[in-house]
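Engineer: Next comes work38.cif, mmCIF, C-alpha atoms:
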data_model
loop_
_atom_site.group_PDB
_atom_site.id
_atom_site.type_symbol
_atom_site.label_atom_id
_atom_site.label_comp_id
_atom_site.auth_asym_id
_atom_site.auth_seq_id
_atom_site.Cartn_x
_atom_site.Cartn_y
_atom_site.Cartn_z
ATOM 1 C CA MET A 1 -60.416 -62.109 -258.629
ATOM 2 C CA THR A 2 -57.828 -63.177 -256.054
ATOM 3 C CA GLN A 3 -57.049 -66.763 -255.159
ATOM 4 C CA GLU A 4 -58.655 -66.227 -251.731
ATOM 5 C CA GLN A 5 -61.886 -65.009 -253.334
ATOM 6 C CA THR A 6 -61.897 -67.981 -255.704
ATOM 7 C CA GLN A 7 -61.390 -70.427 -252.816
ATOM 8 C CA SER A 8 -64.120 -68.673 -250.843
ATOM 9 C CA GLU A 9 -66.541 -68.974 -253.780
ATOM 10 C CA GLN A 10 -65.708 -72.672 -254.191
ATOM 11 C CA SER A 11 -66.295 -73.498 -250.518
ATOM 12 C CA LYS A 12 -69.564 -71.610 -250.006
ATOM 13 C CA GLU A 13 -72.697 -73.509 -249.020
ATOM 14 C CA LEU A 14 -75.209 -74.335 -251.717
ATOM 15 C CA THR A 15 -78.570 -72.641 -251.580
ATOM 16 C CA PRO A 16 -81.579 -74.993 -251.282
ATOM 17 C CA GLU A 17 -82.283 -74.377 -254.974
ATOM 18 C CA GLU A 18 -78.685 -75.179 -255.975
ATOM 19 C CA HIS A 19 -78.767 -78.296 -253.800
ATOM 20 C CA ALA A 20 -82.029 -79.451 -255.427
ATOM 21 C CA GLN A 21 -80.584 -78.799 -258.884
ATOM 22 C CA ALA A 22 -77.421 -80.757 -258.034
ATOM 23 C CA GLN A 23 -79.525 -83.679 -256.792
ATOM 24 C CA GLN A 24 -81.628 -83.588 -259.956
ATOM 25 C CA GLN A 25 -78.503 -83.561 -262.161
ATOM 26 C CA SER A 26 -77.083 -86.481 -260.182
ATOM 27 C CA ALA A 27 -80.312 -88.459 -260.617
ATOM 28 C CA ILE A 28 -80.292 -87.790 -264.383
ATOM 29 C CA TRP A 29 -76.637 -88.847 -264.627
ATOM 30 C CA GLN A 30 -77.344 -92.000 -262.626
ATOM 31 C CA ARG A 31 -80.339 -92.904 -264.822
ATOM 32 C CA GLU A 32 -78.294 -92.367 -268.009
ATOM 33 C CA CYS A 33 -75.497 -94.583 -266.664
ATOM 34 C CA PHE A 34 -78.029 -97.253 -265.665
ATOM 35 C CA GLN A 35 -79.554 -97.239 -269.150
ATOM 36 C CA SER A 36 -76.088 -97.419 -270.697
ATOM 37 C CA ALA A 37 -75.211 -100.422 -268.514
ATOM 38 C CA GLN A 38 -78.407 -102.261 -269.460
ATOM 39 C CA LYS A 39 -77.883 -101.504 -273.163
ATOM 40 C CA HIS A 40 -74.289 -102.714 -272.993
ATOM 41 C CA LEU A 41 -75.295 -106.033 -271.442
ATOM 42 C CA ALA A 42 -78.118 -106.502 -273.962
ATOM 43 C CA GLU A 43 -75.694 -105.848 -276.847
ATOM 44 C CA LYS A 44 -73.477 -108.602 -275.435
ATOM 45 C CA GLY A 45 -76.424 -111.022 -275.297
ATOM 46 C CA ILE A 46 -76.824 -110.774 -271.524
ATOM 47 C CA LEU A 47 -80.346 -110.004 -270.356
ATOM 48 C CA PRO A 48 -80.355 -108.308 -266.948
ATOM 49 C CA LYS A 49 -82.994 -109.540 -264.521
ATOM 50 C CA THR A 50 -82.335 -107.454 -261.406
ATOM 51 C CA LEU A 51 -79.966 -104.812 -260.101
ATOM 52 C CA ILE A 52 -78.058 -105.648 -256.938
ATOM 53 C CA GLU A 53 -78.228 -102.144 -255.468
ATOM 54 C CA LYS A 54 -76.269 -102.808 -252.271
ATOM 55 C CA GLU A 55 -73.175 -103.615 -254.327
ATOM 56 C CA SER A 56 -73.536 -100.834 -256.913
ATOM 57 C CA ARG A 57 -71.455 -97.661 -256.443
ATOM 58 C CA PHE A 58 -71.467 -94.142 -257.890
ATOM 59 C CA ILE A 59 -68.528 -91.787 -258.109
ATOM 60 C CA ALA A 60 -70.376 -89.020 -259.940
ATOM 61 C CA PRO A 61 -69.751 -87.727 -262.480
ATOM 62 C CA LEU A 62 -66.820 -90.033 -263.260
ATOM 63 C CA CYS A 63 -68.140 -93.552 -263.095
ATOM 64 C CA ALA A 64 -70.918 -95.806 -261.964
ATOM 65 C CA LEU A 65 -70.330 -99.424 -261.092
ATOM 66 C CA TRP A 66 -73.377 -101.661 -261.267
ATOM 67 C CA LYS A 67 -73.914 -105.244 -260.234
ATOM 68 C CA PHE A 68 -76.630 -107.061 -262.153
ATOM 69 C CA LYS A 69 -78.113 -110.510 -261.879
ATOM 70 C CA ALA A 70 -78.786 -111.846 -265.378
ATOM 71 C CA GLN A 71 -81.686 -114.016 -266.397
ATOM 72 C CA THR A 72 -79.205 -116.914 -266.584
ATOM 73 C CA GLY A 73 -78.556 -116.529 -262.833
ATOM 74 C CA LYS A 74 -75.003 -115.240 -263.333
ATOM 75 C CA ASN A 75 -73.983 -111.908 -261.808
ATOM 76 C CA TYR A 76 -72.065 -109.205 -263.672
ATOM 77 C CA TRP A 77 -70.189 -106.028 -262.842
ATOM 78 C CA VAL A 78 -70.837 -103.228 -265.356
ATOM 79 C CA ILE A 79 -68.892 -99.967 -265.390
ATOM 80 C CA THR A 80 -70.274 -96.837 -267.072
ATOM 81 C CA GLY A 81 -69.740 -93.083 -266.988
ATOM 82 C CA ARG A 82 -67.025 -90.905 -268.501
ATOM 83 C CA LEU A 83 -65.183 -93.968 -269.658
ATOM 84 C CA PRO A 84 -65.729 -96.973 -271.889
ATOM 85 C CA THR A 85 -68.678 -99.111 -270.786
ATOM 86 C CA ASP A 86 -67.489 -102.607 -269.933
ATOM 87 C CA HIS A 87 -68.606 -105.686 -268.033
ATOM 88 C CA ALA A 88 -67.218 -108.760 -266.297
ATOM 89 C CA GLN A 89 -68.665 -111.695 -264.421
ATOM 90 C CA ASP A 90 -68.771 -111.057 -260.698
ATOM 91 C CA THR A 91 -66.219 -113.825 -260.153
ATOM 92 C CA ALA A 92 -63.609 -111.309 -261.383
ATOM 93 C CA ALA A 93 -63.975 -109.206 -258.214
ATOM 94 C CA GLU A 94 -65.289 -109.833 -254.731
ATOM 95 C CA ASN A 95 -66.487 -106.274 -254.087
ATOM 96 C CA PRO A 96 -66.943 -102.917 -255.876
ATOM 97 C CA ARG A 97 -63.470 -101.671 -254.984
ATOM 98 C CA ASP A 98 -61.832 -104.779 -256.405
ATOM 99 C CA ALA A 99 -64.046 -104.483 -259.502
ATOM 100 C CA LEU A 100 -62.521 -101.044 -260.197
ATOM 101 C CA ARG A 101 -59.048 -102.558 -259.906
ATOM 102 C CA TYR A 102 -60.073 -105.429 -262.193
ATOM 103 C CA PHE A 103 -61.315 -103.085 -264.937
ATOM 104 C CA SER A 104 -58.189 -100.949 -264.558
ATOM 105 C CA LEU A 105 -55.892 -103.912 -265.093
ATOM 106 C CA GLN A 106 -57.998 -105.331 -267.942
ATOM 107 C CA TRP A 107 -57.974 -102.008 -269.783
ATOM 108 C CA GLN A 108 -54.210 -101.749 -269.488
ATOM 109 C CA LEU A 109 -53.900 -105.246 -270.960
ATOM 110 C CA LYS A 110 -56.354 -104.415 -273.769
ATOM 111 C CA ALA A 111 -54.398 -101.260 -274.581
ATOM 112 C CA ASP A 112 -51.158 -103.253 -274.694
ATOM 113 C CA GLN A 113 -52.762 -105.799 -277.045
ATOM 114 C CA ILE A 114 -53.962 -103.022 -279.347
ATOM 115 C CA MET A 115 -50.540 -101.360 -279.440
ATOM 116 C CA GLN A 116 -48.767 -104.701 -280.072
ATOM 117 C CA SER A 117 -51.104 -105.668 -282.935
ATOM 118 C CA GLY A 118 -49.232 -103.601 -285.541
ATOM 119 C CA ASN A 119 -50.604 -101.590 -288.482
ATOM 120 C CA LEU A 120 -52.444 -99.219 -286.176
ATOM 121 C CA ASP A 121 -54.614 -96.390 -287.389
ATOM 122 C CA LYS A 122 -55.215 -93.199 -285.423
ATOM 123 C CA THR A 123 -58.546 -94.467 -284.034
ATOM 124 C CA GLN A 124 -56.917 -97.560 -282.545
ATOM 125 C CA VAL A 125 -54.077 -95.539 -281.017
ATOM 126 C CA ASP A 126 -56.544 -93.013 -279.586
ATOM 127 C CA PHE A 127 -58.663 -95.813 -278.093
ATOM 128 C CA ALA A 128 -55.598 -97.493 -276.565
ATOM 129 C CA ASN A 129 -54.555 -94.163 -275.050
ATOM 130 C CA LEU A 130 -58.082 -93.619 -273.711
ATOM 131 C CA LEU A 131 -58.035 -97.075 -272.101
ATOM 132 C CA VAL A 132 -54.680 -96.374 -270.437
ATOM 133 C CA ASN A 133 -55.836 -92.953 -269.233
ATOM 134 C CA ARG A 134 -59.087 -94.295 -267.773
ATOM 135 C CA ALA A 135 -57.319 -97.338 -266.324
ATOM 136 C CA HIS A 136 -54.982 -95.063 -264.387
ATOM 137 C CA GLY A 137 -57.959 -93.002 -263.171
ATOM 138 C CA LEU A 138 -59.781 -96.124 -261.991
ATOM 139 C CA TYR A 139 -56.714 -97.345 -260.159
ATOM 140 C CA GLU A 140 -56.338 -93.976 -258.444
ATOM 141 C CA MET A 141 -59.950 -94.271 -257.235
ATOM 142 C CA TYR A 142 -59.268 -97.842 -256.103
ATOM 143 C CA GLU A 143 -56.309 -96.610 -254.028
ATOM 144 C CA ARG A 144 -58.178 -93.736 -252.339
ATOM 145 C CA ASP A 145 -59.152 -95.196 -248.981
ATOM 146 C CA HIS A 146 -61.476 -92.277 -248.163
ATOM 147 C CA LEU A 147 -63.785 -93.361 -251.007
ATOM 148 C CA TRP A 148 -64.190 -96.763 -249.382
ATOM 149 C CA VAL A 149 -64.512 -95.948 -245.666
ATOM 150 C CA ASN A 150 -68.001 -97.522 -245.467
ATOM 151 C CA GLU A 151 -66.952 -100.721 -247.241
ATOM 152 C CA ALA A 152 -66.559 -103.953 -245.313
ATOM 153 C CA SER A 153 -62.963 -105.144 -245.324
#
So, in terms of C-alpha coordinates, how does the structure I just supplied come out?
Structural biologist:
Amino acid sequence: MTQEQTQSEQSKELTPEEHAQAQQQSAIWQRECFQSAQKHLAEKGILPKTLIEKESRFIAPLCALWKFKAQTGKNYWVITGRLPTDHAQDTAAENPRDALRYFSLQWQLKADQIMQSGNLDKTQVDFANLLVNRAHGLYEMYERDHLWVNEAS
(Lines of atoms letter the chains of each structure in order from A and count residues from 1; the text may use other names and numbers.)
(Lines give C-alpha, C1' and ligand atoms only; values in the text may rest on other atoms or scores of the structure.)
Protein backbone atom coordinates (compact mmCIF):
# COMPACT_ATOMS: atom_id res chain seq x y z
CA MET A 1 0.00 0.00 0.00
CA THR A 2 1.41 3.41 -0.92
CA GLN A 3 1.64 6.34 1.46
CA GLU A 4 -1.09 8.14 -0.53
CA GLN A 5 -3.44 5.17 -0.14
CA THR A 6 -2.71 5.00 3.59
CA GLN A 7 -3.41 8.73 4.00
CA SER A 8 -6.60 8.37 1.97
CA GLU A 9 -7.78 5.49 4.19
CA GLN A 10 -7.01 7.50 7.33
CA SER A 11 -8.95 10.57 6.18
CA LYS A 12 -12.09 8.84 4.90
CA GLU A 13 -15.45 9.61 6.49
CA LEU A 14 -16.82 7.18 9.03
CA THR A 15 -19.92 5.24 8.12
CA PRO A 16 -22.92 5.78 10.43
CA GLU A 17 -22.19 2.38 12.00
CA GLU A 18 -18.52 3.25 12.58
CA HIS A 19 -19.53 6.61 14.03
CA ALA A 20 -22.01 4.93 16.41
CA GLN A 21 -19.37 2.41 17.45
CA ALA A 22 -16.83 5.18 18.09
CA GLN A 23 -19.37 7.06 20.22
CA GLN A 24 -20.15 3.90 22.18
CA GLN A 25 -16.43 3.23 22.79
CA SER A 26 -15.97 6.83 23.92
CA ALA A 27 -18.90 6.53 26.35
CA ILE A 28 -17.46 3.28 27.78
CA TRP A 29 -14.02 4.89 28.17
CA GLN A 30 -15.56 7.93 29.85
CA ARG A 31 -17.57 5.77 32.27
CA GLU A 32 -14.47 3.71 33.17
CA CYS A 33 -12.47 6.89 33.82
CA PHE A 34 -15.30 8.30 35.94
CA GLN A 35 -15.43 5.12 38.03
CA SER A 36 -11.65 5.18 38.41
CA ALA A 37 -11.78 8.80 39.60
CA GLN A 38 -14.48 8.05 42.18
CA LYS A 39 -12.59 4.97 43.42
CA HIS A 40 -9.37 6.95 43.72
CA LEU A 41 -11.02 9.65 45.83
CA ALA A 42 -12.73 7.05 48.03
CA GLU A 43 -9.39 5.28 48.60
CA LYS A 44 -7.97 8.62 49.77
CA GLY A 45 -10.87 9.10 52.21
CA ILE A 46 -12.62 11.71 50.07
CA LEU A 47 -16.29 11.01 49.42
CA PRO A 48 -17.48 12.68 46.21
CA LYS A 49 -20.88 14.34 46.40
CA THR A 50 -21.32 15.78 42.90
CA LEU A 51 -19.49 16.10 39.61
CA ILE A 52 -18.92 19.61 38.31
CA GLU A 53 -19.46 18.73 34.64
CA LYS A 54 -18.85 22.19 33.17
CA GLU A 55 -15.26 22.09 34.40
CA SER A 56 -14.52 18.45 33.52
CA ARG A 57 -12.62 17.74 30.28
CA PHE A 58 -11.94 14.68 28.12
CA ILE A 59 -9.03 14.17 25.78
CA ALA A 60 -9.95 10.63 24.76
CA PRO A 61 -8.37 8.18 24.92
CA LEU A 62 -5.47 9.83 26.75
CA CYS A 63 -6.91 11.47 29.82
CA ALA A 64 -10.00 12.67 31.57
CA LEU A 65 -9.94 15.53 34.01
CA TRP A 66 -12.80 15.63 36.48
CA LYS A 67 -13.84 18.23 39.01
CA PHE A 68 -15.73 16.88 42.00
CA LYS A 69 -17.36 18.51 44.97
CA ALA A 70 -16.75 16.35 48.05
CA GLN A 71 -19.17 15.82 50.89
CA THR A 72 -16.92 18.10 52.97
CA GLY A 73 -17.68 20.97 50.55
CA LYS A 74 -14.14 21.05 49.14
CA ASN A 75 -13.61 20.70 45.39
CA TYR A 76 -11.03 18.41 43.80
CA TRP A 77 -9.45 17.90 40.40
CA VAL A 78 -9.00 14.21 39.52
CA ILE A 79 -7.04 13.02 36.49
CA THR A 80 -7.57 9.55 35.02
CA GLY A 81 -6.94 7.71 31.76
CA ARG A 82 -3.76 6.24 30.29
CA LEU A 83 -1.76 7.66 33.13
CA PRO A 84 -1.58 7.44 36.90
CA THR A 85 -4.81 8.49 38.60
CA ASP A 86 -4.18 11.48 40.85
CA HIS A 87 -6.05 14.27 42.59
CA ALA A 88 -5.54 17.75 43.99
CA GLN A 89 -7.70 20.34 45.69
CA ASP A 90 -9.15 22.79 43.21
CA THR A 91 -7.10 25.59 44.78
CA ALA A 92 -4.11 24.11 42.90
CA ALA A 93 -5.53 25.25 39.53
CA GLU A 94 -8.06 27.82 38.44
CA ASN A 95 -9.25 25.95 35.34
CA PRO A 96 -8.87 22.57 33.58
CA ARG A 97 -5.92 23.71 31.47
CA ASP A 98 -4.01 24.88 34.53
CA ALA A 99 -4.91 21.62 36.30
CA LEU A 100 -3.09 19.69 33.55
CA ARG A 101 -0.04 21.90 34.06
CA TYR A 102 -0.27 21.40 37.83
CA PHE A 103 -0.31 17.59 37.55
CA SER A 104 2.55 17.73 35.04
CA LEU A 105 4.75 19.72 37.39
CA GLN A 106 3.78 17.64 40.44
CA TRP A 107 4.63 14.40 38.65
CA GLN A 108 8.02 15.72 37.63
CA LEU A 109 8.70 16.63 41.27
CA LYS A 110 7.49 13.22 42.48
CA ALA A 111 9.75 11.49 39.95
CA ASP A 112 12.71 13.58 41.12
CA GLN A 113 11.98 12.67 44.75
CA ILE A 114 11.83 8.97 43.87
CA MET A 115 15.12 9.11 41.95
CA GLN A 116 16.85 11.06 44.76
CA SER A 117 15.69 8.64 47.47
CA GLY A 118 18.48 6.12 46.82
CA ASN A 119 18.38 2.30 46.94
CA LEU A 120 15.93 2.15 44.06
CA ASP A 121 14.49 -1.06 42.72
CA LYS A 122 13.34 -1.53 39.13
CA THR A 123 9.68 -0.86 40.02
CA GLN A 124 10.51 2.53 41.52
CA VAL A 125 12.67 3.51 38.55
CA ASP A 126 9.96 2.39 36.11
CA PHE A 127 7.32 4.38 38.01
CA ALA A 128 9.53 7.49 38.08
CA ASN A 129 10.09 7.15 34.33
CA LEU A 130 6.34 6.71 33.77
CA LEU A 131 5.64 9.87 35.78
CA VAL A 132 8.17 11.86 33.75
CA ASN A 133 6.81 10.50 30.46
CA ARG A 134 3.19 11.29 31.36
CA ALA A 135 4.16 14.67 32.82
CA HIS A 136 5.72 15.66 29.51
CA GLY A 137 2.60 14.46 27.66
CA LEU A 138 0.33 16.49 29.94
CA TYR A 139 2.45 19.58 29.46
CA GLU A 140 2.32 19.15 25.69
CA MET A 141 -1.49 19.05 25.91
CA TYR A 142 -1.44 22.12 28.17
CA GLU A 143 0.60 23.99 25.54
CA ARG A 144 -1.63 23.08 22.58
CA ASP A 145 -3.84 26.13 22.18
CA HIS A 146 -6.17 24.37 19.72
CA LEU A 147 -7.31 22.04 22.52
CA TRP A 148 -8.44 25.03 24.55
CA VAL A 149 -10.07 27.31 21.97
CA ASN A 150 -13.45 27.19 23.76
CA GLU A 151 -11.96 27.95 27.18
CA ALA A 152 -12.45 31.34 28.78
CA SER A 153 -9.16 33.18 29.16
Engineer: Would you mind telling me which residue in A:Gly73, A:Pro61, A:Pro96, A:Gly118 lies nearest to Leu47 in chain A when using all atoms listed in the file?
Structural biologist: A:Gly73
Engineer: Name the closest residue to Leu41 in chain A among the candidates A:Asp86, A:Glu13, A:Glu53, A:Asp145; distances are taken between atoms, counting all atoms listed in the file.
Structural biologist: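 The closest residue to Leu41 in chain A is A:Asp86.
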Engineer: Take the PyMOL selection byres ((chain A and resi 51) around 10), run it mentally on this structure, and tell me the resulting residues as a list in words.
Structural biologist: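 On this input, the PyMOL selection byres ((chain A and resi 51) around 10) captures Phe34, Gln38, Pro48, Lys49, Thr50, Ile52, Glu53, Lys54, Glu55, Ser56, Trp66, Lys67, Phe68, Lys69, Ala70, Asn75 and Tyr76 of chain A.
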Engineer: Just checking: using only C-alpha atoms, which residue out of A:His40, A:Lys74, A:Arg101, A:His19 ends up closest to His87 in chain A?
Structural biologist: A:His40
Engineer: From the list A:Gln21, A:Gln89, A:Gln124, A:Gln116, which residue is nearest Phe103 in chain A when using all atoms listed in the file?
Structural biologist: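 That would be A:Gln89, the residue with the smallest distance to Phe103 in chain A.
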Engineer: Can you tell me how far CA of Glu94 in chain A sits from CA of Arg144 in chain A, in Å to one decimal?
Structural biologist: 17.8 Å
Engineer: Any chance you could build range 28-46 of chain A out to N, CA and C atoms and write it as an mmCIF file, keeping the file's coordinate frame?
Structural biologist:
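That gives us rebuild11.cif:
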data_model
loop_
_atom_site.group_PDB
_atom_site.id
_atom_site.type_symbol
_atom_site.label_atom_id
_atom_site.label_comp_id
_atom_site.auth_asym_id
_atom_site.auth_seq_id
_atom_site.Cartn_x
_atom_site.Cartn_y
_atom_site.Cartn_z
ATOM 1 N N ILE A 28 -80.285 -87.647 -262.922
ATOM 2 C CA ILE A 28 -80.292 -87.790 -264.383
ATOM 3 C C ILE A 28 -79.050 -88.557 -264.833
ATOM 4 N N TRP A 29 -77.895 -88.171 -264.290
ATOM 5 C CA TRP A 29 -76.637 -88.847 -264.627
ATOM 6 C C TRP A 29 -76.721 -90.321 -264.268
ATOM 7 N N GLN A 30 -77.229 -90.620 -263.085
ATOM 8 C CA GLN A 30 -77.344 -92.000 -262.626
ATOM 9 C C GLN A 30 -78.264 -92.800 -263.551
ATOM 10 N N ARG A 31 -79.390 -92.228 -263.934
ATOM 11 C CA ARG A 31 -80.339 -92.904 -264.822
ATOM 12 C C ARG A 31 -79.694 -93.174 -266.189
ATOM 13 N N GLU A 32 -78.963 -92.186 -266.721
ATOM 14 C CA GLU A 32 -78.294 -92.367 -268.009
ATOM 15 C C GLU A 32 -77.250 -93.480 -267.932
ATOM 16 N N CYS A 33 -76.503 -93.529 -266.840
ATOM 17 C CA CYS A 33 -75.497 -94.583 -266.664
ATOM 18 C C CYS A 33 -76.167 -95.952 -266.540
ATOM 19 N N PHE A 34 -77.283 -96.012 -265.825
ATOM 20 C CA PHE A 34 -78.029 -97.253 -265.665
ATOM 21 C C PHE A 34 -78.511 -97.764 -267.024
ATOM 22 N N GLN A 35 -79.072 -96.862 -267.821
ATOM 23 C CA GLN A 35 -79.554 -97.239 -269.150
ATOM 24 C C GLN A 35 -78.400 -97.701 -270.036
ATOM 25 N N SER A 36 -77.270 -97.035 -269.933
ATOM 26 C CA SER A 36 -76.088 -97.419 -270.697
ATOM 27 C C SER A 36 -75.608 -98.813 -270.295
ATOM 28 N N ALA A 37 -75.631 -99.110 -269.004
ATOM 29 C CA ALA A 37 -75.211 -100.422 -268.514
ATOM 30 C C ALA A 37 -76.139 -101.519 -269.035
ATOM 31 N N GLN A 38 -77.436 -101.277 -268.970
ATOM 32 C CA GLN A 38 -78.407 -102.261 -269.460
ATOM 33 C C GLN A 38 -78.241 -102.491 -270.967
ATOM 34 N N LYS A 39 -78.059 -101.414 -271.708
ATOM 35 C CA LYS A 39 -77.883 -101.504 -273.163
ATOM 36 C C LYS A 39 -76.626 -102.298 -273.493
ATOM 37 N N HIS A 40 -75.552 -102.017 -272.762
ATOM 38 C CA HIS A 40 -74.289 -102.714 -272.993
ATOM 39 C C HIS A 40 -74.463 -104.221 -272.802
ATOM 40 N N LEU A 41 -75.089 -104.604 -271.688
ATOM 41 C CA LEU A 41 -75.295 -106.033 -271.442
ATOM 42 C C LEU A 41 -76.150 -106.661 -272.543
ATOM 43 N N ALA A 42 -77.223 -105.979 -272.921
ATOM 44 C CA ALA A 42 -78.118 -106.502 -273.962
ATOM 45 C C ALA A 42 -77.356 -106.693 -275.273
ATOM 46 N N GLU A 43 -76.490 -105.739 -275.622
ATOM 47 C CA GLU A 43 -75.694 -105.848 -276.847
ATOM 48 C C GLU A 43 -74.736 -107.030 -276.803
ATOM 49 N N LYS A 44 -74.375 -107.460 -275.605
ATOM 50 C CA LYS A 44 -73.477 -108.602 -275.435
ATOM 51 C C LYS A 44 -74.259 -109.905 -275.268
ATOM 52 N N GLY A 45 -75.594 -109.832 -275.408
ATOM 53 C CA GLY A 45 -76.424 -111.022 -275.297
ATOM 54 C C GLY A 45 -76.739 -111.429 -273.872
ATOM 55 N N ILE A 46 -76.550 -110.512 -272.937
ATOM 56 C CA ILE A 46 -76.824 -110.774 -271.524
ATOM 57 C C ILE A 46 -78.070 -109.988 -271.141
#
